[in-house]
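The structure under discussion appears below in the form of structure tokens.
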2 protein chains.
Amino acid sequence: MTFEPTTHDAAGRIAHLTTPHGTITTPTLLPVINPNKTLITPHDMTTLFHTDILITNSYIIYKDPHLRQQALDHGLHHLLNFQGTIMTDSGTFQSHVYGDVHLEPLQIVDFQRHIGSDIGTILDIFSEPHHTHTQAQTDITETIRRASISIPHKGTMMLACPVQGGIYPDLRTHCAQELSNLHADLYPIGGVVPLMETQRYTDLTNVIIASKQGLDPSRPVHLFGAGHPLIFPLAVALGCDLFDSSAYAKYAADDRYLLPWGTEKLPDLTDLPCPCPICSTHTASELQAMTGDERVRALALHNLYVSYAELRTIRAAIAGGWLWELVEQRAASNPALADALRLLREPNAQRFLEMHEPRSKARAIRYTGTATIFRPLLQRFQDQLLTRYESPYTTTIVIPERGKPFAAYYPELVKVLSALAADVVVDSSFGPVPLALDEMFPCAQSLFPGIVDDETRHEASRRLQDFLGKKTVIAWSPGGRFPDALTGPALDLDTRRIRAVADMQFGRGAGAILFSGRLQLVKSKATLKIRNVLVDGEHVVSMRAADGMFTLKLAGARRLLSGFAAPLLRVTVNDDAVPFVRDGKSVFSKFVSGCDPGLRLGDECLIVDGQDALLGVGRLLLCPGEMGVFQVGVAVKMREGSGGEVDAS
Amino acid sequence: MTFEPTTHDAAGRIAHLTTPHGTITTPTLLPVINPNKTLITPHDMTTLFHTDILITNSYIIYKDPHLRQQALDHGLHHLLNFQGTIMTDSGTFQSHVYGDVHLEPLQIVDFQRHIGSDIGTILDIFSEPHHTHTQAQTDITETIRRASISIPHKGTMMLACPVQGGIYPDLRTHCAQELSNLHADLYPIGGVVPLMETQRYTDLTNVIIASKQGLDPSRPVHLFGAGHPLIFPLAVALGCDLFDSSAYAKYAADDRYLLPWGTEKLPDLTDLPCPCPICSTHTASELQAMTGDERVRALALHNLYVSYAELRTIRAAIAGGWLWELVEQRAASNPALADALRLLREPNAQRFLEMHEPRSKARAIRYTGTATIFRPLLQRFQDQLLTRYESPYTTTIVIPERGKPFAAYYPELVKVLSALAADVVVDSSFGPVPLALDEMFPCAQSLFPGIVDDETRHEASRRLQDFLGKKTVIAWSPGGRFPDALTGPALDLDTRRIRAVADMQFGRGAGAILFSGRLQLVKSKATLKIRNVLVDGEHVVSMRAADGMFTLKLAGARRLLSGFAAPLLRVTVNDDAVPFVRDGKSVFSKFVSGCDPGLRLGDECLIVDGQDALLGVGRLLLCPGEMGVFQVGVAVKMREGSGGEVDAS
């Protein structure tokens, strides 16, 4: 089994999960196959939905003498006529529904192994949401005990050990940590179906975050029993990789029609609000007029088309950097989800999310409503303005934004301002933006409406006040004159810009470290924007057009290495990897022995050996907490090894 | 040609448009067929998308000698091989793109008639957004002149006369009024493509509202050149019925992929975020790897699947009463659309929207964000609280809501409060709710999150302050004691409830008028809710379980007739219709001679003759402004004629 992430957004990831029956791209959905009553066969699923992983229940097979014998004789893949990856559940959910299942924990693990399940599940204790803290504590103690005795029985089968602990964050985190120490292959988050059935999405959110905070980040996380697409975007943004859907069939049996934004009852629909192959070839009345079995099958197909499309949408959103937009849009369709989203503003959730949030995105940040300004990336930018940005002046001039995209703001004004011995900051829709940072992500890459809601406006004002602190402030309005006293020799905007961007990107003081010496700026002939910065003839950084941030060159890395003490900006590699890295090979996660915890996904970093000697510069593809934990995959994409340049991308 | 609305939501409507080539359900989309270059044939469109109406350009056919001859010899339907309804454009858009088109206005009208177009279009003047008021004035004068000379030439062809006037609301309204006086068959809103191309959705919104305010409401309205699904929900909510899409083809040719929430470039997509037949059977890389023609066709099909599905979604939303939810969700995906939505809070827009807004909905109002509390229905409820609700007490106790659905709020508390000689009002998420109205729509039928955004909270507080005015107020919090002085004999909650609901529904004083006499309440055995109210043995009203509002019985109608002076609550019919209406037949629009302008869609009304004699009671299916204007269709669904009861629904 390997699990290798390739792309990140929010705390979500696109990854490749390899099992003996193939490689699956996550996040994805495991349709539930009821071995007793197959509504859509695994074969049809493969044909229609490219299904490459599904889940069935080993307890149901075990209980039925005929199915059991078939599975033992010919194997699970033969029984289901499916050649992809099969995960099995253990009977825990049945214990939730029916009470005790009269099963020994090891008995069902052995059975799953015998019938050839790719991913088996231990018989964990379903910790009900109404359990007291003491009861839930007992539940997880037994779950952890069962995990520890089950793992030696797994053989070559992958084994899933669900995180339990009811609605108690401390127990969820503790259970997750204990299970992580046992090195299971996959970690479902269990006991959440009752929360989803009653739309307790704030509790669900707390449970997911608390579980993720205790889990080994290198293992896939399955949200057990989550089959309604409404919850997929948020769950993925919080770090869930797998979902299983019996909802497609259960809802269909009840004439319910799944949509990414909720559920409709088929008899209520005059028109089918979906472009799927079922809904594009049938009218609502045609579906309503079908016989029972026909209709249930058609609805089940629709439900699966929609569910798979929502997962494709999520993967496209991760790849495109717009997962938060998607999460917020879905929250606009369900007040309970809006409550859950508001919870993400809490300090613990913010810490968790900010740690995973990439440094920049492939596309602009789009305002969807009050939630947007609280996104981890915009919060981080404002927080770092306070800790990293340093104005060379005592006076600050505040100019109001007028709902224009920031980059287009008063180009003539810029000329006047750059001759002023004062700092200039724009009062923007998402908080203060110093003029020197107006091309850096996310300032020029944020799309907000002309008039934002009150909550956003208040938050932006609060941030501006925090930023201004006790500075001498001059409020300016379009057409207003500047005080003569401030007019005089001043730093040109280019110099302000490269210093401010370097400070924000690498830490306070980085601009002074990188750019002390004879400066030479190479600009794009087409856009007149800064492309390369040379100091004393050495090319130290390039500025990327897309996000206005620096790509670090080896000469720049050398300056930062001597200017910033370890572990700042460093990724440290094992001795074994040193020759490869110096030659410009990318850094594999398993060779990383240390990492500056302040680095973020997408950051430029210095790659050093155990003696803090520079081996090269590169770009982070994992979070600091994931480095060295993942045993497969690249942690740092090498840009330049100290042995020579390798990759100009 | 007939155009008959069947269902309303916001200012939008589902209607049947009948032409010589069939009956079309609107809102719908007219795919643009370029007669020179057919990407998807009309025949394929019928097969794949059930296309029953399309649009092509008569100017392009006219210019091409071969096409022209074909069309003149065999007719337009033969030329396009399409048996559904065909609308033709006139060359106006070409004049916008290329300058003058060297065409006489009547020449192209005659040509459209000769080739058998179902719906032709006059050669109007494309009023550019950058035109000055004076220029735009000249544009509409000429457009109106051309309409007036063209209409006598239309023969049996339906003729569309576009509303022009640039971005000037006064000119749009004036042009719409003048064109309405000419009795054209269909009114496109023209000159809006440049606004949509640059996402000037606030200007577009102003233009649509101003045009609608001048237009004959009984004619279909076409938003000319609107082909991106992003704009469909808002445009329908403002009263547009038809759209035309060349976007499906133009975007496809440019590798652009339409989505209800925006546009993606195909090369940027790792996964296809859509369940349509194209996207469910191809991967992103398969689409990307296709040859040019194949790819453009596949993208065009996807674009059409998505566009048609969005129109089905809109129709389902109108039928289900959730069009505003859909509009607000879409606005969450585009900041320019969010700006447009904010504009709907302006007094003129609110007046326009409130007039069309039905009295209640089939389902609960769902919060989507800051826009929700400003929806016309919630605004109207709060406005009418000030004008219609009257407390029998001088003291008001305010109790805070705690994020629960209102109906579930403190059932025990209700018992205590109903023994108090004070009014009780809940400080809810959308404003004050007197306890006596807690089961009336929208109070029990509003789903808001536990914590709402600041703007909603402020608006709700403002409304509470307006409501409380100079009353004596006691703030109460859960667990608090009530002042003893207020404890004592008081009206029971049932009596408070029926009086308050009657006042809110029919006008201040209606409760006293309806319920003076010996009261008898019939309650549901299952829910214990009020079902029927009898006064002195007469059944005057029934209370509907779904929205907690009254259905008026004939006995109640008689009381209101004598208690409220004409025209209040009345719909007046012509003498011709009197015998039919008295016998319990529904009231057709063309027989209506007057209507209380304060009535709203879905309201109970008194049907009277010219002498204000009661003919029956019924329910409004049209807005007051539409009554008598529509020449087809039912204006009032009869519930009980004075000659006897007919329909208990």
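Just remember, in the structure tokens the first chain shown is A, the second B, etc., residues are 1-based per chain, and ligands are 1-based in the order shown.
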Spatial neighbours of range 567-571 of chain B, 8 Å, only C-alpha atoms, chain gap at least 6 places, as a ChimeraX atom specification: /B:506,592-596,598-599,604-608
Residues of chain A within 7 Å of chain B, only C-alpha atoms counted, as a count of residues only: 38
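CA of Leu258 in chain B lies 20.1 Å from CA of Leu204 in chain B.
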Polymer residues at most 9 Å from range 612-622 of chain B, only C-alpha atoms, same-chain spacing of 5 or more positions, as a PyMOL selection string: chain B and resi 5-8+356+551-554+557-558+561+566-567+570-572+578-579+581-584+586-587+589+599-607+627+634-645
Backbone DSSP call of strand (DSSP E) for range 351-525 of chain B, listed as JSON, numbers by chain: {"B": [365, 366, 395, 396, 397, 398, 399, 400, 423, 424, 425, 426, 427, 428, 431, 432, 433, 434, 446, 447, 472, 473, 474, 475, 519, 520, 521, 522, 523]}
Take the residues from that selection and put them in a file with C-alpha atoms, as a PDB file, in the first residue's frame.
```
ATOM      1  CA  ILE B 365     -37.123  30.144   3.481  1.00  0.00           C
ATOM      2  CA  ARG B 366     -33.457  29.198   3.763  1.00  0.00           C
ATOM      3  CA  THR B 395     -46.414  46.160  27.684  1.00  0.00           C
ATOM      4  CA  THR B 396     -44.259  43.989  25.443  1.00  0.00           C
ATOM      5  CA  ILE B 397     -41.932  41.267  26.663  1.00  0.00           C
ATOM      6  CA  VAL B 398     -38.990  40.533  24.347  1.00  0.00           C
ATOM      7  CA  ILE B 399     -37.551  37.039  24.471  1.00  0.00           C
ATOM      8  CA  PRO B 400     -34.355  36.135  22.662  1.00  0.00           C
ATOM      9  CA  ASP B 423     -47.626  41.136  24.379  1.00  0.00           C
ATOM     10  CA  VAL B 424     -44.779  38.757  23.716  1.00  0.00           C
ATOM     11  CA  VAL B 425     -42.361  39.118  20.859  1.00  0.00           C
ATOM     12  CA  VAL B 426     -39.406  36.970  19.916  1.00  0.00           C
ATOM     13  CA  ASP B 427     -36.201  38.665  18.829  1.00  0.00           C
ATOM     14  CA  SER B 428     -35.595  36.312  15.897  1.00  0.00           C
ATOM     15  CA  GLY B 431     -36.621  40.505  13.072  1.00  0.00           C
ATOM     16  CA  PRO B 432     -39.417  40.614  15.642  1.00  0.00           C
ATOM     17  CA  VAL B 433     -41.966  37.811  15.646  1.00  0.00           C
ATOM     18  CA  PRO B 434     -44.982  38.245  17.913  1.00  0.00           C
ATOM     19  CA  SER B 446     -37.557  30.125   8.039  1.00  0.00           C
ATOM     20  CA  LEU B 447     -34.305  28.233   8.406  1.00  0.00           C
ATOM     21  CA  THR B 472     -43.182  49.688  27.349  1.00  0.00           C
ATOM     22  CA  VAL B 473     -40.659  46.901  26.970  1.00  0.00           C
ATOM     23  CA  ILE B 474     -39.465  44.226  29.351  1.00  0.00           C
ATOM     24  CA  ALA B 475     -36.447  42.256  28.216  1.00  0.00           C
ATOM     25  CA  LEU B 519     -66.014  31.613  18.947  1.00  0.00           C
ATOM     26  CA  GLN B 520     -65.560  27.903  18.388  1.00  0.00           C
ATOM     27  CA  LEU B 521     -62.154  26.448  17.443  1.00  0.00           C
ATOM     28  CA  VAL B 522     -61.827  23.050  15.813  1.00  0.00           C
ATOM     29  CA  LYS B 523     -58.350  21.640  16.353  1.00  0.00           C
TER      30      LYS B 523
END
```
Surrounding residues of range 58-68 of chain A excluding itself and chain neighbours under 2 positions, 7 Å, only C-alpha atoms, as a list in words: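 In the requested form, the answer reads Pro35, Thr56, Gln70, Ala71, Leu72, Thr88, Asp89, Ser90, Gly91 and Gln112 of chain A.
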Spatial neighbours of Val221 in chain A, 7 Å, only C-alpha atoms, chain gap at least 4 places, as a list in words: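 The residues that qualify are Leu186, Tyr187, Pro188, Cys240, Asp241 and Leu242 of chain A.
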Which of range 60-278 of chain A fall in alpha helix (DSSP H), as a VMD selection string: chain A and resid 60 to 63 65 to 74 76 to 80 92 to 98 105 to 114 133 to 150 169 to 181 193 to 197 201 to 214 232 to 237 247 to 253 277 to 278
Test item: residues at most 7 Å from range 156-170 of chain B, only C-alpha atoms, excluding those fewer than 3 positions along its chain, as JSON, numbers by chain: {"B": [113, 117, 118, 119, 120, 121, 122, 124, 126, 127, 128, 129, 131, 133, 136, 137, 139, 140, 147, 173, 174, 175, 176, 184, 185, 186, 187, 188, 189, 190, 191, 203, 206, 207, 210, 211]}
Two-atom distance - CA of Thr92 in chain A, CA of His78 in chain A (Å):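 Spanning CA of Thr92 in chain A to CA of His78 in chain A is a straight-line distance of 24.4 Å.
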Pairwise distance for CA of Met87 in chain A and CA of Thr46 in chain A, rounded to one decimal in Å: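 So the answer is 15.6 Å.
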Residues within 9 Å of range 249-257 of chain B, only C-alpha atoms, excluding chain neighbours under 5 positions, as a list of chain:residue names: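 My reading of the contact set: B:Val32, B:Leu39, B:Ile40, B:Gly262, B:Thr263, B:Glu264, B:Lys265, B:Leu266, B:Pro267, B:Gly292, B:Asp293, B:Arg295, B:Val296, B:Arg297, B:Ala298, B:Leu299, B:Ala300, B:Leu301, B:His302, B:Asn303, B:Leu304.
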Nearest candidate to Val193 in chain B (options B:Thr387, B:Asn574, B:Gln505, B:Ser245; using only C-alpha atoms): B:Ser245
Nearest to Phe588 in chain B, chosen from B:Leu560, B:Val192, B:Ile108, B:Val573, with only C-alpha atoms counted in the distances: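 Using only C-alpha atoms, the shortest distance to Phe588 in chain B belongs to B:Val573.
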